[in-house]
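Below is one structure, written out as structure tokens; the observations come after it.
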Amino acid sequence: MSKNVLAVYFTQSGQTKEILDSFLQPLLADGVTVDFLQVRTRHQFPFPWSIPVFFDTVPESVEVIPTALEPWSVPKQHYDLVILAWQPWNLSPSIPISSILQDERFKALINNTPLITICGCRNMWINAQEKNKKLLVDAGARLVGNIALFDRHLNHLSYFTIFHWLGTGRKDRKWGIFPKPGVAPADIANASVFGATVNRFLQAGNPQWQDLQPELVKQKAVVVKYSLMFIERKAGKIFRKWVAIINKHPQNRKKILVAYKYYLAVALLVASPIILLVDLILVRPFSQKKIRRQMDYYAGVEWREKI
């Protein structure tokens, strides 16, 4: 009997859909029936983005505040597997993705259903995936796999290239010297390898989904980098503090977001290398067990309120 899969996605530039299509190739080749649900919101999120418009999404994305969705429907009431293709905004799930995960009809659809998350991002996805995990737990879904594809270039370089891409809509070299932004075409194509692994579990008569994520980790479908994990854990708390300031002074939202933009650049480009160096010398050598425990947790699919 053919398996039924629902592929849910939101995309602006088209990269997320490219990753999803590559991932799904082995399933489609094996006769799996795939229905697609493109998430659309009533409020339009433009692409390319101006920098002020992009930063204006910070409060709602950080606080996971949903926006109204366009009407949606799918052909079936139950699926053997749901694939959620998503992207992080401001160390949080993009607003359209967090919105669909809080939609009551969608929550009912994915309740007690195996679900796999797959994202394409600049390089930081951990905080956003933790929020996804919490939303999926609230919906009663069974998160059985996670795949994270990212820009492999240095953190400082990708900071500049991502804003070039967002601002112009062009996935080319900024000034002809910076690397191309986004997930590399080879990594997008390699998503089909992970799709083949998922398909093997899907086709099993009684799939042992708990064994899927360890196998995906072995295939490097998800890689936790200590330096980025360290920055994200610090930055997530700082982002929430800025949002708290905005909520306290909503009349000054635009001015505060301008200040936040410059703070973010200084924190990422200047402060974070210094903090990482101090951590390397004074903290990391004495915290190896704790660090390994944290990295193993983020590579997995379990959700815990505190780790």
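Residues are referred to by chain and number: the chain letter is A, B, ... according to the order shown in the structure tokens, the number counts from 1 in that chain, and ligands are numbered separately from 1 in the order shown.
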- Message: At a cut-off of 10 Å, using only C-alpha atoms, what residues contact Ala139 in chain A? Leave out same-chain residues fewer than 5 positions from it and give the result as a PyMOL selection string.
- Response: chain A and resi 101-104+106-113+133-134
Export of the given selection (N, CA and C atoms) as a PDB file, in the first residue's frame:
```
ATOM      1  N   LEU A 101       1.963  26.133  12.985  1.00  0.00           N
ATOM      2  CA  LEU A 101       2.106  25.195  14.096  1.00  0.00           C
ATOM      3  C   LEU A 101       1.174  25.526  15.258  1.00  0.00           C
ATOM      4  N   GLN A 102       0.624  26.744  15.255  1.00  0.00           N
ATOM      5  CA  GLN A 102      -0.330  27.122  16.297  1.00  0.00           C
ATOM      6  C   GLN A 102      -1.766  27.148  15.788  1.00  0.00           C
ATOM      7  N   ASP A 103      -1.960  26.773  14.532  1.00  0.00           N
ATOM      8  CA  ASP A 103      -3.300  26.712  13.944  1.00  0.00           C
ATOM      9  C   ASP A 103      -4.013  25.461  14.460  1.00  0.00           C
ATOM     10  N   GLU A 104      -5.207  25.616  14.995  1.00  0.00           N
ATOM     11  CA  GLU A 104      -5.886  24.504  15.653  1.00  0.00           C
ATOM     12  C   GLU A 104      -6.184  23.360  14.685  1.00  0.00           C
ATOM     13  N   PHE A 106      -4.485  22.574  12.015  1.00  0.00           N
ATOM     14  CA  PHE A 106      -3.219  21.911  11.678  1.00  0.00           C
ATOM     15  C   PHE A 106      -2.735  21.065  12.851  1.00  0.00           C
ATOM     16  N   LYS A 107      -2.898  21.584  14.063  1.00  0.00           N
ATOM     17  CA  LYS A 107      -2.507  20.817  15.245  1.00  0.00           C
ATOM     18  C   LYS A 107      -3.282  19.506  15.315  1.00  0.00           C
ATOM     19  N   ALA A 108      -4.547  19.546  14.971  1.00  0.00           N
ATOM     20  CA  ALA A 108      -5.351  18.320  14.967  1.00  0.00           C
ATOM     21  C   ALA A 108      -4.866  17.356  13.890  1.00  0.00           C
ATOM     22  N   LEU A 109      -4.440  17.914  12.767  1.00  0.00           N
ATOM     23  CA  LEU A 109      -3.974  17.080  11.654  1.00  0.00           C
ATOM     24  C   LEU A 109      -2.697  16.324  12.005  1.00  0.00           C
ATOM     25  N   ILE A 110      -1.772  16.975  12.717  1.00  0.00           N
ATOM     26  CA  ILE A 110      -0.480  16.352  12.999  1.00  0.00           C
ATOM     27  C   ILE A 110      -0.451  15.635  14.349  1.00  0.00           C
ATOM     28  N   ASN A 111      -1.538  15.690  15.086  1.00  0.00           N
ATOM     29  CA  ASN A 111      -1.577  15.031  16.391  1.00  0.00           C
ATOM     30  C   ASN A 111      -1.272  13.551  16.251  1.00  0.00           C
ATOM     31  N   ASN A 112      -0.343  13.063  17.057  1.00  0.00           N
ATOM     32  CA  ASN A 112       0.053  11.649  17.076  1.00  0.00           C
ATOM     33  C   ASN A 112       0.554  11.160  15.722  1.00  0.00           C
ATOM     34  N   THR A 113       1.144  12.065  14.956  1.00  0.00           N
ATOM     35  CA  THR A 113       1.663  11.726  13.635  1.00  0.00           C
ATOM     36  C   THR A 113       3.175  11.935  13.610  1.00  0.00           C
ATOM     37  N   LYS A 133      10.178  22.455  18.658  1.00  0.00           N
ATOM     38  CA  LYS A 133       9.926  21.266  19.475  1.00  0.00           C
ATOM     39  C   LYS A 133       8.782  21.512  20.454  1.00  0.00           C
ATOM     40  N   LYS A 134       8.822  22.670  21.099  1.00  0.00           N
ATOM     41  CA  LYS A 134       7.779  22.993  22.083  1.00  0.00           C
ATOM     42  C   LYS A 134       6.414  23.086  21.407  1.00  0.00           C
TER      43      LYS A 134
END
```
- Within range 135-291 of chain A, find each residue whose DSSP state, derived from the backbone, is helix (DSSP H, G or I), and express the selection as a VMD selection string. chain A and resid 135 to 139 155 to 168 174 to 176 185 to 203 209 to 218 226 to 248 250 to 282 284 to 286 288 to 291
- Item | Option closest in space to Tyr159 in chain A, from A:Leu24, A:Gly195, A:Ala29, A:Ala265 [counting only C-alpha atoms] |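 Selected residue with least distance to Tyr159 in chain A: A:Ala265.
Nearest to Gln210 in chain A of all the residues A:Lys180, A:Arg240, A:Lys248, A:Arg142 is A:Arg142, based on only C-alpha atoms.
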Tell me, as an mmCIF file with all heavy atoms, in the first residue's frame, which residues lie within 10 Å of Arg152 in chain A, counting only C-alpha atoms; anything in the same chain fewer than 4 positions away does not count.
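Result file is selection-v6.cif:
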```cif
data_model
loop_
_atom_site.group_PDB
_atom_site.id
_atom_site.type_symbol
_atom_site.label_atom_id
_atom_site.label_comp_id
_atom_site.auth_asym_id
_atom_site.auth_seq_id
_atom_site.Cartn_x
_atom_site.Cartn_y
_atom_site.Cartn_z
ATOM 1 N N ARG A 122 21.144 30.345 7.596
ATOM 2 C CA ARG A 122 22.502 30.893 7.524
ATOM 3 C C ARG A 122 23.435 29.975 8.296
ATOM 4 O O ARG A 122 24.354 29.420 7.729
ATOM 5 C CB ARG A 122 22.532 32.317 8.080
ATOM 6 C CG ARG A 122 23.899 32.979 7.954
ATOM 7 C CD ARG A 122 23.851 34.411 8.407
ATOM 8 N NE ARG A 122 23.817 34.530 9.857
ATOM 9 C CZ ARG A 122 24.911 34.620 10.624
ATOM 10 N NH1 ARG A 122 26.107 34.562 10.065
ATOM 11 N NH2 ARG A 122 24.811 34.758 11.929
ATOM 12 N N ASN A 123 23.245 29.829 9.572
ATOM 13 C CA ASN A 123 24.006 28.830 10.327
ATOM 14 C C ASN A 123 23.456 28.585 11.733
ATOM 15 O O ASN A 123 23.847 27.631 12.375
ATOM 16 C CB ASN A 123 25.500 29.181 10.423
ATOM 17 C CG ASN A 123 25.760 30.551 11.039
ATOM 18 O OD1 ASN A 123 24.909 31.100 11.717
ATOM 19 N ND2 ASN A 123 26.931 31.106 10.780
ATOM 20 N N LEU A 157 31.505 36.129 7.452
ATOM 21 C CA LEU A 157 31.238 36.288 6.022
ATOM 22 C C LEU A 157 29.756 36.116 5.715
ATOM 23 O O LEU A 157 29.166 36.893 4.962
ATOM 24 C CB LEU A 157 32.064 35.278 5.225
ATOM 25 C CG LEU A 157 33.578 35.488 5.188
ATOM 26 C CD1 LEU A 157 34.238 34.365 4.396
ATOM 27 C CD2 LEU A 157 33.927 36.840 4.580
ATOM 28 N N SER A 158 29.148 35.087 6.289
ATOM 29 C CA SER A 158 27.739 34.826 5.977
ATOM 30 C C SER A 158 26.827 35.913 6.530
ATOM 31 O O SER A 158 25.719 36.103 6.027
ATOM 32 C CB SER A 158 27.325 33.449 6.513
ATOM 33 O OG SER A 158 27.405 33.395 7.923
ATOM 34 N N PRO A 181 25.753 33.478 -1.023
ATOM 35 C CA PRO A 181 24.994 33.227 0.209
ATOM 36 C C PRO A 181 24.155 31.969 0.120
ATOM 37 O O PRO A 181 23.915 31.417 -0.958
ATOM 38 C CB PRO A 181 24.104 34.468 0.301
ATOM 39 C CG PRO A 181 23.878 34.864 -1.126
ATOM 40 C CD PRO A 181 25.148 34.540 -1.850
ATOM 41 N N GLY A 182 23.695 31.535 1.276
ATOM 42 C CA GLY A 182 22.732 30.439 1.317
ATOM 43 C C GLY A 182 23.379 29.064 1.362
ATOM 44 O O GLY A 182 24.601 28.900 1.390
ATOM 45 N N VAL A 183 22.522 28.061 1.361
ATOM 46 C CA VAL A 183 22.970 26.672 1.360
ATOM 47 C C VAL A 183 23.554 26.341 -0.005
ATOM 48 O O VAL A 183 22.969 26.672 -1.039
ATOM 49 C CB VAL A 183 21.794 25.730 1.688
ATOM 50 C CG1 VAL A 183 22.237 24.270 1.667
ATOM 51 C CG2 VAL A 183 21.185 26.083 3.048
ATOM 52 N N ALA A 184 24.697 25.697 -0.015
ATOM 53 C CA ALA A 184 25.382 25.382 -1.269
ATOM 54 C C ALA A 184 24.559 24.407 -2.109
ATOM 55 O O ALA A 184 23.893 23.521 -1.558
ATOM 56 C CB ALA A 184 26.754 24.787 -0.984
ATOM 57 N N ASP A 187 24.972 20.798 -1.187
ATOM 58 C CA ASP A 187 24.293 20.378 0.037
ATOM 59 C C ASP A 187 22.796 20.217 -0.189
ATOM 60 O O ASP A 187 22.158 19.331 0.395
ATOM 61 C CB ASP A 187 24.548 21.393 1.150
ATOM 62 C CG ASP A 187 25.976 21.332 1.674
ATOM 63 O OD1 ASP A 187 26.588 20.255 1.569
ATOM 64 O OD2 ASP A 187 26.472 22.356 2.176
#
```
- Item | Best match for closeness to Ser227 in chain A among A:Phe163, A:Lys255, A:Met295, A:Lys306, counting only C-alpha atoms |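 Of A:Phe163, A:Lys255, A:Met295, A:Lys306, the one nearest Ser227 in chain A is A:Met295, counting only C-alpha atoms.
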- Message: Using only C-alpha atoms, can you tell me which of A:Pro179, A:Gly14, A:Ile97, A:Pro207 comes closest to Asn155 in chain A?
- Response: A:Pro179
- Which is closer to Ala191 in chain A than all the others in A:Ala85, A:Ile100, A:Leu154, A:Ile51, using only C-alpha atoms?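 Smallest separation from Ala191 in chain A among the options: A:Ala85.
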- Message: Please identify the strand (DSSP E or B) residues within range 43-287 of chain A (assignment by DSSP from backbone atoms) and present them as a list of chain:residue names.
- Response: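 Matching residues, listed in order: A:Leu69, A:Leu81, A:Val82, A:Ile83, A:Leu84, A:Ala85, A:Trp86, A:Pro88, A:Trp89, A:Ser92, A:Pro93, A:Pro114, A:Leu115, A:Ile116, A:Thr117, A:Ile118, A:Cys119, A:Gly120, A:Cys121, A:Arg142, A:Leu143, A:Val144, A:Gly145, A:Asn146, A:Ile147, A:Ala148, A:Leu149, A:Phe150.
Of the residues listed (A:Pro46, A:Ile19, A:Leu6, A:Gly205), A:Leu6 shows the shortest atom-to-atom separation from Pro114 in chain A; distances use only C-alpha atoms.
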Return as a Markdown table the residues of range 123-174 of chain A lying at most 12 Å from range 196-199 of chain A, together with the closest atom-to-atom pair for each and the distance in Å to one decimal, counting only C-alpha atoms, with rows in chain order and ascending residue number.
```
| residue | atom | partner | partner_atom | distance |
| --- | --- | --- | --- | --- |
| A:Val144 | CA | A:Val198 | CA | 9.9 |
| A:Gly145 | CA | A:Val198 | CA | 8.5 |
| A:Asn146 | CA | A:Val198 | CA | 10.6 |
| A:Ile147 | CA | A:Val198 | CA | 10.8 |
```
